[in-house]
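The data block below is target03.cif; it holds mmCIF, C-alpha atoms.
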```cif
data_coords
loop_
_atom_site.group_PDB
_atom_site.id
_atom_site.type_symbol
_atom_site.label_atom_id
_atom_site.label_comp_id
_atom_site.auth_asym_id
_atom_site.auth_seq_id
_atom_site.Cartn_x
_atom_site.Cartn_y
_atom_site.Cartn_z
ATOM 1 C CA MET A 27 72.439 101.387 90.308
ATOM 2 C CA VAL A 28 75.759 100.703 88.556
ATOM 3 C CA TYR A 29 78.598 102.951 89.690
ATOM 4 C CA VAL A 30 81.922 103.732 88.028
ATOM 5 C CA ARG A 31 85.522 103.110 89.042
ATOM 6 C CA LYS A 32 87.790 105.683 87.421
ATOM 7 C CA ASN A 33 91.450 105.863 86.583
ATOM 8 C CA GLN A 34 93.085 107.738 89.455
ATOM 9 C CA ARG A 35 94.706 110.156 86.991
ATOM 10 C CA ASP A 36 91.220 111.267 85.906
ATOM 11 C CA LEU A 37 89.883 112.037 89.374
ATOM 12 C CA THR A 38 88.961 115.625 90.109
ATOM 13 C CA ALA A 39 90.435 117.358 93.142
ATOM 14 C CA ALA A 40 87.083 116.930 94.879
ATOM 15 C CA GLU A 41 86.983 113.193 94.077
ATOM 16 C CA ARG A 42 90.480 112.748 95.464
ATOM 17 C CA ARG A 43 89.531 114.594 98.624
ATOM 18 C CA LYS A 44 86.394 112.500 99.110
ATOM 19 C CA PHE A 45 88.217 109.201 98.603
ATOM 20 C CA VAL A 46 90.974 110.131 101.047
ATOM 21 C CA GLY A 47 88.407 111.406 103.531
ATOM 22 C CA ALA A 48 86.416 108.171 103.443
ATOM 23 C CA VAL A 49 89.568 106.050 103.868
ATOM 24 C CA LEU A 50 90.674 108.153 106.847
ATOM 25 C CA GLU A 51 87.235 107.822 108.423
ATOM 26 C CA LEU A 52 87.395 104.019 108.145
ATOM 27 C CA LYS A 53 90.802 104.159 109.810
ATOM 28 C CA ARG A 54 89.545 106.409 112.594
ATOM 29 C CA SER A 55 86.621 104.081 113.319
ATOM 30 C CA GLY A 56 88.805 100.963 113.386
ATOM 31 C CA ARG A 57 87.093 99.404 110.374
ATOM 32 C CA TYR A 58 90.129 99.831 108.129
ATOM 33 C CA ASP A 59 92.333 97.727 110.386
ATOM 34 C CA ASP A 60 89.747 94.950 110.187
ATOM 35 C CA PHE A 61 90.474 94.766 106.464
ATOM 36 C CA VAL A 62 94.196 94.538 107.211
ATOM 37 C CA ARG A 63 93.569 91.669 109.629
ATOM 38 C CA THR A 64 91.500 89.829 107.032
ATOM 39 C CA HIS A 65 94.274 89.980 104.439
ATOM 40 C CA VAL A 66 96.912 88.912 106.951
ATOM 41 C CA ARG A 67 94.731 85.980 108.037
ATOM 42 C CA TYR A 68 94.193 84.665 104.508
ATOM 43 C CA TYR A 69 97.654 85.348 103.103
ATOM 44 C CA ASN A 70 98.751 81.709 102.944
ATOM 45 C CA ALA A 71 101.565 80.412 100.771
ATOM 46 C CA ASP A 72 102.050 77.190 98.799
ATOM 47 C CA GLY A 73 104.014 75.625 101.626
ATOM 48 C CA ASP A 74 101.247 76.102 104.180
ATOM 49 C CA ASP A 75 98.859 73.267 104.933
ATOM 50 C CA ASP A 76 95.813 75.538 105.189
ATOM 51 C CA LEU A 77 93.246 76.366 102.548
ATOM 52 C CA ARG A 78 94.630 79.075 100.227
ATOM 53 C CA VAL A 79 92.139 81.604 98.914
ATOM 54 C CA ALA A 80 93.857 85.004 98.681
ATOM 55 C CA HIS A 81 97.170 84.186 96.978
ATOM 56 C CA MET A 82 98.997 81.444 95.090
ATOM 57 C CA ALA A 83 95.664 79.879 94.206
ATOM 58 C CA PRO A 84 92.963 80.063 91.515
ATOM 59 C CA SER A 85 90.747 82.172 93.790
ATOM 60 C CA PHE A 86 93.301 85.016 93.822
ATOM 61 C CA LEU A 87 91.166 87.059 91.428
ATOM 62 C CA PRO A 88 87.607 86.370 92.685
ATOM 63 C CA TRP A 89 88.704 86.582 96.336
ATOM 64 C CA HIS A 90 90.168 90.035 95.809
ATOM 65 C CA ARG A 91 87.141 91.088 93.761
ATOM 66 C CA GLN A 92 84.903 90.282 96.727
ATOM 67 C CA TYR A 93 87.392 91.865 99.122
ATOM 68 C CA LEU A 94 87.381 95.078 97.066
ATOM 69 C CA LEU A 95 83.588 95.067 97.065
ATOM 70 C CA GLU A 96 83.486 94.749 100.840
ATOM 71 C CA PHE A 97 85.912 97.656 101.197
ATOM 72 C CA GLU A 98 84.043 99.754 98.660
ATOM 73 C CA ARG A 99 80.771 99.179 100.513
ATOM 74 C CA ALA A 100 82.452 100.368 103.695
ATOM 75 C CA LEU A 101 83.704 103.497 101.915
ATOM 76 C CA ARG A 102 80.274 104.182 100.455
ATOM 77 C CA SER A 103 78.688 103.872 103.882
ATOM 78 C CA VAL A 104 80.797 106.919 104.746
ATOM 79 C CA ASP A 105 80.265 108.727 101.434
ATOM 80 C CA PRO A 106 77.910 107.190 98.805
ATOM 81 C CA THR A 107 79.706 109.053 96.007
ATOM 82 C CA VAL A 108 83.049 107.320 96.590
ATOM 83 C CA THR A 109 84.342 104.366 94.552
ATOM 84 C CA VAL A 110 87.769 102.716 94.455
ATOM 85 C CA PRO A 111 89.859 104.226 91.627
ATOM 86 C CA TYR A 112 92.479 102.213 89.796
ATOM 87 C CA TRP A 113 96.186 102.744 89.205
ATOM 88 C CA ASP A 114 97.350 101.743 85.736
ATOM 89 C CA TRP A 115 100.982 101.129 86.592
ATOM 90 C CA THR A 116 101.896 100.521 82.942
ATOM 91 C CA ARG A 117 101.265 104.251 82.329
ATOM 92 C CA ASP A 118 101.770 106.015 85.644
ATOM 93 C CA ASN A 119 105.063 104.308 86.303
ATOM 94 C CA THR A 120 107.312 106.873 87.978
ATOM 95 C CA PRO A 121 107.471 108.516 91.426
ATOM 96 C CA ALA A 122 106.470 111.754 89.671
ATOM 97 C CA ALA A 123 102.999 110.403 88.795
ATOM 98 C CA SER A 124 100.095 112.371 90.246
ATOM 99 C CA LEU A 125 99.150 109.274 92.231
ATOM 100 C CA TRP A 126 101.913 110.105 94.677
ATOM 101 C CA GLY A 127 100.810 113.702 95.167
ATOM 102 C CA GLU A 128 100.547 115.467 98.516
ATOM 103 C CA ASP A 129 96.752 115.466 98.193
ATOM 104 C CA PHE A 130 96.408 111.752 97.457
ATOM 105 C CA MET A 131 98.707 108.822 98.278
ATOM 106 C CA GLY A 132 101.731 110.822 99.393
ATOM 107 C CA GLY A 133 105.213 109.994 98.182
ATOM 108 C CA ASN A 134 108.151 107.710 98.756
ATOM 109 C CA GLY A 135 109.627 106.863 102.142
ATOM 110 C CA ARG A 136 112.625 108.836 103.310
ATOM 111 C CA ARG A 137 116.110 107.374 103.361
ATOM 112 C CA GLY A 138 116.977 105.410 106.445
ATOM 113 C CA ASP A 139 113.708 104.311 108.013
ATOM 114 C CA ARG A 140 111.636 104.577 104.764
ATOM 115 C CA GLN A 141 108.928 106.490 106.582
ATOM 116 C CA VAL A 142 106.390 108.259 104.358
ATOM 117 C CA THR A 143 106.410 111.904 105.443
ATOM 118 C CA THR A 144 104.168 113.461 102.791
ATOM 119 C CA GLY A 145 100.465 113.245 102.077
ATOM 120 C CA PRO A 146 97.429 112.413 104.202
ATOM 121 C CA PHE A 147 98.805 109.052 105.356
ATOM 122 C CA ALA A 148 102.044 110.413 106.815
ATOM 123 C CA TYR A 149 102.486 109.325 110.417
ATOM 124 C CA GLU A 150 103.276 112.802 111.695
ATOM 125 C CA ARG A 151 99.809 113.984 110.706
ATOM 126 C CA GLY A 152 98.380 111.637 113.303
ATOM 127 C CA ASP A 153 95.724 110.009 111.126
ATOM 128 C CA TRP A 154 97.480 106.825 109.979
ATOM 129 C CA PRO A 155 99.138 104.828 112.767
ATOM 130 C CA ILE A 156 100.092 101.278 111.781
ATOM 131 C CA THR A 157 98.603 98.973 114.413
ATOM 132 C CA VAL A 158 98.290 95.673 112.500
ATOM 133 C CA GLY A 159 101.308 94.275 110.723
ATOM 134 C CA VAL A 160 104.437 92.208 110.596
ATOM 135 C CA THR A 161 106.740 94.984 111.832
ATOM 136 C CA GLU A 162 106.700 97.130 114.948
ATOM 137 C CA SER A 163 107.026 100.413 113.038
ATOM 138 C CA PRO A 164 104.011 102.645 113.722
ATOM 139 C CA PHE A 165 104.353 104.476 110.393
ATOM 140 C CA LEU A 166 103.671 103.796 106.718
ATOM 141 C CA THR A 167 106.817 102.864 104.788
ATOM 142 C CA ARG A 168 107.709 102.778 101.083
ATOM 143 C CA ASN A 169 110.887 102.171 99.117
ATOM 144 C CA PHE A 170 110.160 102.957 95.463
ATOM 145 C CA GLY A 171 112.112 100.799 93.047
ATOM 146 C CA ASN A 172 114.216 99.196 95.814
ATOM 147 C CA PRO A 173 117.454 101.112 95.012
ATOM 148 C CA ALA A 174 119.623 98.439 96.649
ATOM 149 C CA ASN A 175 118.388 95.907 94.061
ATOM 150 C CA PRO A 176 116.574 98.032 91.462
ATOM 151 C CA ILE A 177 113.260 96.849 90.054
ATOM 152 C CA GLU A 178 110.921 98.573 87.596
ATOM 153 C CA LEU A 179 107.157 98.528 87.364
ATOM 154 C CA PRO A 180 105.614 96.082 84.864
ATOM 155 C CA THR A 181 105.357 97.248 81.272
ATOM 156 C CA ALA A 182 102.349 97.037 78.988
ATOM 157 C CA ARG A 183 104.217 94.357 77.066
ATOM 158 C CA GLU A 184 104.675 92.241 80.184
ATOM 159 C CA LEU A 185 101.006 92.606 81.067
ATOM 160 C CA ALA A 186 100.064 91.613 77.516
ATOM 161 C CA ARG A 187 101.895 88.303 77.950
ATOM 162 C CA ALA A 188 99.549 87.495 80.815
ATOM 163 C CA THR A 189 96.387 88.578 79.030
ATOM 164 C CA ALA A 190 97.360 86.478 76.005
ATOM 165 C CA GLU A 191 96.647 83.339 78.063
ATOM 166 C CA THR A 192 93.320 81.807 77.031
ATOM 167 C CA VAL A 193 92.782 79.406 79.956
ATOM 168 C CA TYR A 194 91.928 80.759 83.404
ATOM 169 C CA ASP A 195 94.249 78.497 85.437
ATOM 170 C CA SER A 196 95.925 75.096 85.395
ATOM 171 C CA ALA A 197 97.159 72.339 87.700
ATOM 172 C CA PRO A 198 98.793 72.230 90.153
ATOM 173 C CA TRP A 199 96.717 75.331 90.985
ATOM 174 C CA ASP A 200 99.488 77.212 92.797
ATOM 175 C CA SER A 201 102.450 79.519 92.203
ATOM 176 C CA THR A 202 104.135 76.902 90.006
ATOM 177 C CA SER A 203 101.365 76.660 87.401
ATOM 178 C CA ARG A 204 103.127 77.090 84.064
ATOM 179 C CA THR A 205 100.070 78.135 82.071
ATOM 180 C CA GLY A 206 96.921 80.063 82.808
ATOM 181 C CA PHE A 207 95.905 83.691 83.125
ATOM 182 C CA ARG A 208 95.632 83.763 86.926
ATOM 183 C CA ASN A 209 99.217 82.833 87.706
ATOM 184 C CA ALA A 210 100.581 84.971 84.880
ATOM 185 C CA LEU A 211 98.744 88.011 86.228
ATOM 186 C CA GLU A 212 99.532 87.254 89.857
ATOM 187 C CA GLY A 213 103.127 87.126 88.721
ATOM 188 C CA TRP A 214 104.874 84.009 90.015
ATOM 189 C CA THR A 215 107.716 82.656 87.873
ATOM 190 C CA ARG A 216 110.678 80.293 88.187
ATOM 191 C CA GLU A 217 113.201 82.868 87.035
ATOM 192 C CA ALA A 218 116.069 84.191 89.132
ATOM 193 C CA GLY A 219 116.573 87.650 90.613
ATOM 194 C CA ASN A 220 113.943 90.270 89.967
ATOM 195 C CA GLY A 221 112.647 88.127 87.120
ATOM 196 C CA ARG A 222 110.825 86.126 89.784
ATOM 197 C CA TRP A 223 108.282 88.935 90.106
ATOM 198 C CA ARG A 224 105.839 89.813 87.339
ATOM 199 C CA ASN A 225 102.754 92.011 87.039
ATOM 200 C CA HIS A 226 100.849 92.053 90.359
ATOM 201 C CA ASN A 227 103.794 90.825 92.411
ATOM 202 C CA ARG A 228 106.250 93.220 90.802
ATOM 203 C CA VAL A 229 104.099 96.214 91.737
ATOM 204 C CA HIS A 230 104.183 95.213 95.396
ATOM 205 C CA ARG A 231 107.975 94.835 95.154
ATOM 206 C CA TRP A 232 108.372 98.223 93.451
ATOM 207 C CA VAL A 233 106.386 100.146 96.064
ATOM 208 C CA GLY A 234 108.197 98.298 98.819
ATOM 209 C CA GLY A 235 107.898 99.010 102.526
ATOM 210 C CA LEU A 236 104.621 97.792 103.944
ATOM 211 C CA MET A 237 103.407 96.760 100.489
ATOM 212 C CA LEU A 238 105.538 93.639 100.930
ATOM 213 C CA GLY A 239 103.710 90.724 102.519
ATOM 214 C CA GLY A 240 100.346 89.993 104.037
ATOM 215 C CA ALA A 241 99.970 93.358 105.779
ATOM 216 C CA SER A 242 100.266 95.276 102.487
ATOM 217 C CA VAL A 243 96.738 96.644 102.977
ATOM 218 C CA ASN A 244 98.276 99.097 105.459
ATOM 219 C CA ASP A 245 99.276 101.100 102.379
ATOM 220 C CA PRO A 246 96.094 102.573 100.825
ATOM 221 C CA VAL A 247 97.638 102.267 97.364
ATOM 222 C CA PHE A 248 96.914 98.533 97.756
ATOM 223 C CA TRP A 249 93.288 99.190 96.801
ATOM 224 C CA LEU A 250 94.159 101.157 93.671
ATOM 225 C CA HIS A 251 96.572 98.436 92.604
ATOM 226 C CA HIS A 252 93.995 95.689 93.066
ATOM 227 C CA SER A 253 91.294 97.729 91.392
ATOM 228 C CA PHE A 254 93.504 97.711 88.286
ATOM 229 C CA ILE A 255 94.107 93.960 88.652
ATOM 230 C CA ASP A 256 90.326 93.529 88.749
ATOM 231 C CA LEU A 257 89.953 95.721 85.651
ATOM 232 C CA VAL A 258 92.493 93.587 83.782
ATOM 233 C CA TRP A 259 90.574 90.453 84.748
ATOM 234 C CA SER A 260 87.315 92.079 83.666
ATOM 235 C CA ARG A 261 88.738 92.889 80.226
ATOM 236 C CA TRP A 262 90.176 89.378 79.939
ATOM 237 C CA GLN A 263 86.752 87.911 80.745
ATOM 238 C CA ARG A 264 85.165 89.891 77.920
ATOM 239 C CA LYS A 265 87.873 88.725 75.536
ATOM 240 C CA ASN A 266 87.578 85.075 76.653
ATOM 241 C CA PRO A 267 83.886 84.554 77.465
ATOM 242 C CA GLU A 268 84.162 80.753 77.362
ATOM 243 C CA ALA A 269 87.131 80.573 79.740
ATOM 244 C CA ARG A 270 85.471 79.876 83.085
ATOM 245 C CA TYR A 271 87.054 79.665 86.506
ATOM 246 C CA LEU A 272 89.102 76.538 87.156
ATOM 247 C CA PRO A 273 89.126 74.132 88.877
ATOM 248 C CA ALA A 274 85.472 73.428 88.248
ATOM 249 C CA SER A 275 85.359 70.763 90.971
ATOM 250 C CA PRO A 276 87.441 70.234 94.127
ATOM 251 C CA PRO A 277 90.759 68.375 93.810
ATOM 252 C CA PRO A 278 90.164 64.754 94.911
ATOM 253 C CA PRO A 279 91.419 63.104 98.109
ATOM 254 C CA GLY A 280 95.046 62.118 97.791
ATOM 255 C CA SER A 281 95.986 65.004 95.533
ATOM 256 C CA ALA A 282 98.444 67.675 96.697
ATOM 257 C CA GLN A 283 95.737 70.352 96.548
ATOM 258 C CA TYR A 284 92.986 68.418 98.329
ATOM 259 C CA ARG A 285 91.134 70.900 100.568
ATOM 260 C CA ARG A 286 93.750 73.533 99.783
ATOM 261 C CA VAL A 287 92.131 75.379 96.856
ATOM 262 C CA VAL A 288 88.596 76.553 96.170
ATOM 263 C CA ALA A 289 86.576 75.120 93.285
ATOM 264 C CA ARG A 290 84.093 77.078 91.179
ATOM 265 C CA HIS A 291 81.067 76.682 93.451
ATOM 266 C CA GLU A 292 82.780 76.618 96.843
ATOM 267 C CA PRO A 293 82.742 79.627 99.209
ATOM 268 C CA MET A 294 85.892 81.700 99.612
ATOM 269 C CA PRO A 295 86.456 82.294 103.358
ATOM 270 C CA PRO A 296 85.771 84.558 105.116
ATOM 271 C CA PHE A 297 83.143 85.399 102.492
ATOM 272 C CA ARG A 298 80.092 83.364 101.603
ATOM 273 C CA ALA A 299 80.578 84.202 97.937
ATOM 274 C CA THR A 300 81.916 81.574 95.539
ATOM 275 C CA PRO A 301 84.097 82.312 92.505
ATOM 276 C CA ASP A 302 81.034 81.793 90.330
ATOM 277 C CA ASP A 303 79.070 84.347 92.378
ATOM 278 C CA VAL A 304 81.463 87.184 91.536
ATOM 279 C CA VAL A 305 82.339 86.295 87.975
ATOM 280 C CA ASP A 306 80.006 89.015 86.627
ATOM 281 C CA HIS A 307 80.231 92.470 88.216
ATOM 282 C CA ARG A 308 78.362 94.430 85.562
ATOM 283 C CA HIS A 309 75.248 94.808 87.710
ATOM 284 C CA LEU A 310 77.345 96.522 90.411
ATOM 285 C CA TYR A 311 80.096 98.577 88.798
ATOM 286 C CA ARG A 312 81.954 99.285 85.605
ATOM 287 C CA TYR A 313 85.324 100.768 84.707
ATOM 288 C CA ALA A 314 85.778 104.095 82.995
#
```
Write out the structure in this file as structure tokens.
Amino acid sequence: MVYVRKNQRDLTAAERRKFVGAVLELKRSGRYDDFVRTHVRYYNADGDDDLRVAHMAPSFLPWHRQYLLEFERALRSVDPTVTVPYWDWTRDNTPAASLWGEDFMGGNGRRGDRQVTTGPFAYERGDWPITVGVTESPFLTRNFGNPANPIELPTARELARATAETVYDSAPWDSTSRTGFRNALEGWTREAGNGRWRNHNRVHRWVGGLMLGGASVNDPVFWLHHSFIDLVWSRWQRKNPEARYLPASPPPPGSAQYRRVVARHEPMPPFRATPDDVVDHRHLYRYA
């Protein structure tokens, strides 16, 4: 049966409570931290010699689609009525947005240590200790807008520049690809300063704190952000039905990307699914 992912601003109080409750139960059982470990393990950059599947690669979108599905299945094993909502950061683009309410994601980190002290994921409540990460801080941190070097959330106009691309991806299949929807949405550029970060990347920079880097899953807003990224890809797919995942075949021996990126019919570790397997989600879920 097809279920629905809703805009977080349209959730009822009961739906918010159920989502938060299911996330906290995954954390209590230890299953949530397994998802953090997975993202840390597969967060490889262009300069690494390993296979890249999660970021800076064509599989950025299908890998996270499968990752979201795995997380959503875990949530629904706790409460079958729960789905992952999405955060449209082109609309709800201030710290005053309901997303950051006391009953949902909680707010910004405090000055000094950037510790989040409001909402269900505040450390002092005892339900959200950070045990997997790149820092030793045991609490969730945020730093909205990075006041020391201010950055704003992406605009609808900026997002539209990405969705105007008509080809899925292009060589060299990494963060330097000059054309293609995937890299434009992921948000890597060659500009200086905050211009380096667009769309997906800029959102991580704006939230700050633990949303920076491979352990960003420690902040539950990660899932709402990537649910919106998946929605944008879904809409782009409908608009460009002939634009299939690229590369269609593996880069050949001798090329810079040999055994470093996933082709259309190759599995995306740690999942068995290939990009082609997840290209159509309509039999599983839809977006409201």
Please produce, as JSON lines, a per-residue contact table for stretch 37-135 of chain A versus stretch 203-208 of chain A (criterion: any atom at most 8 Å away, all atoms listed in the file considered), showing the nearest atom pair and its distance in Å to one decimal, sorted by chain then residue number.
```
{"residue": "A:Pro84", "atom": "CA", "partner": "A:Arg208", "partner_atom": "CA", "distance": 6.5}
{"residue": "A:Phe86", "atom": "CA", "partner": "A:Arg208", "partner_atom": "CA", "distance": 7.4}
{"residue": "A:Leu87", "atom": "CA", "partner": "A:Arg208", "partner_atom": "CA", "distance": 7.1}
```
Item to check | Residue neighbourhood A:Tyr284, 12 Å, all atoms listed in the file, exclusion window fewer than 6 positions, as a list in words | outcome: Asp75, Asp76, Leu77, Arg78, Pro198, Trp199, Pro273, Ser275, Pro276, Pro277 and Pro278 of chain A
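Checking A:Arg261, A:Arg102, A:Arg42, A:Arg312 one by one against A:Leu125, counting all atoms listed in the file, you find the shortest gap at A:Arg42.
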Checklist entry - Could you spell out the hits of the PyMOL selection byres ((chain A and resi 53) around 12) on the shown file, as JSON, numbers by chain? => result {"A": [46, 47, 48, 49, 50, 51, 52, 54, 55, 56, 57, 58, 59, 60, 61, 62, 97, 100, 101, 104, 146, 147, 152, 153, 154, 155, 156, 157, 158, 243, 244, 245, 246]}
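Once the PyMOL selection byres ((chain A and resi 173-185) around 6) is applied to this file, the selection holds Thr116, Gly171, Asn172, Ala186, Arg187, Ala188, Asn225 and Val229 of chain A.
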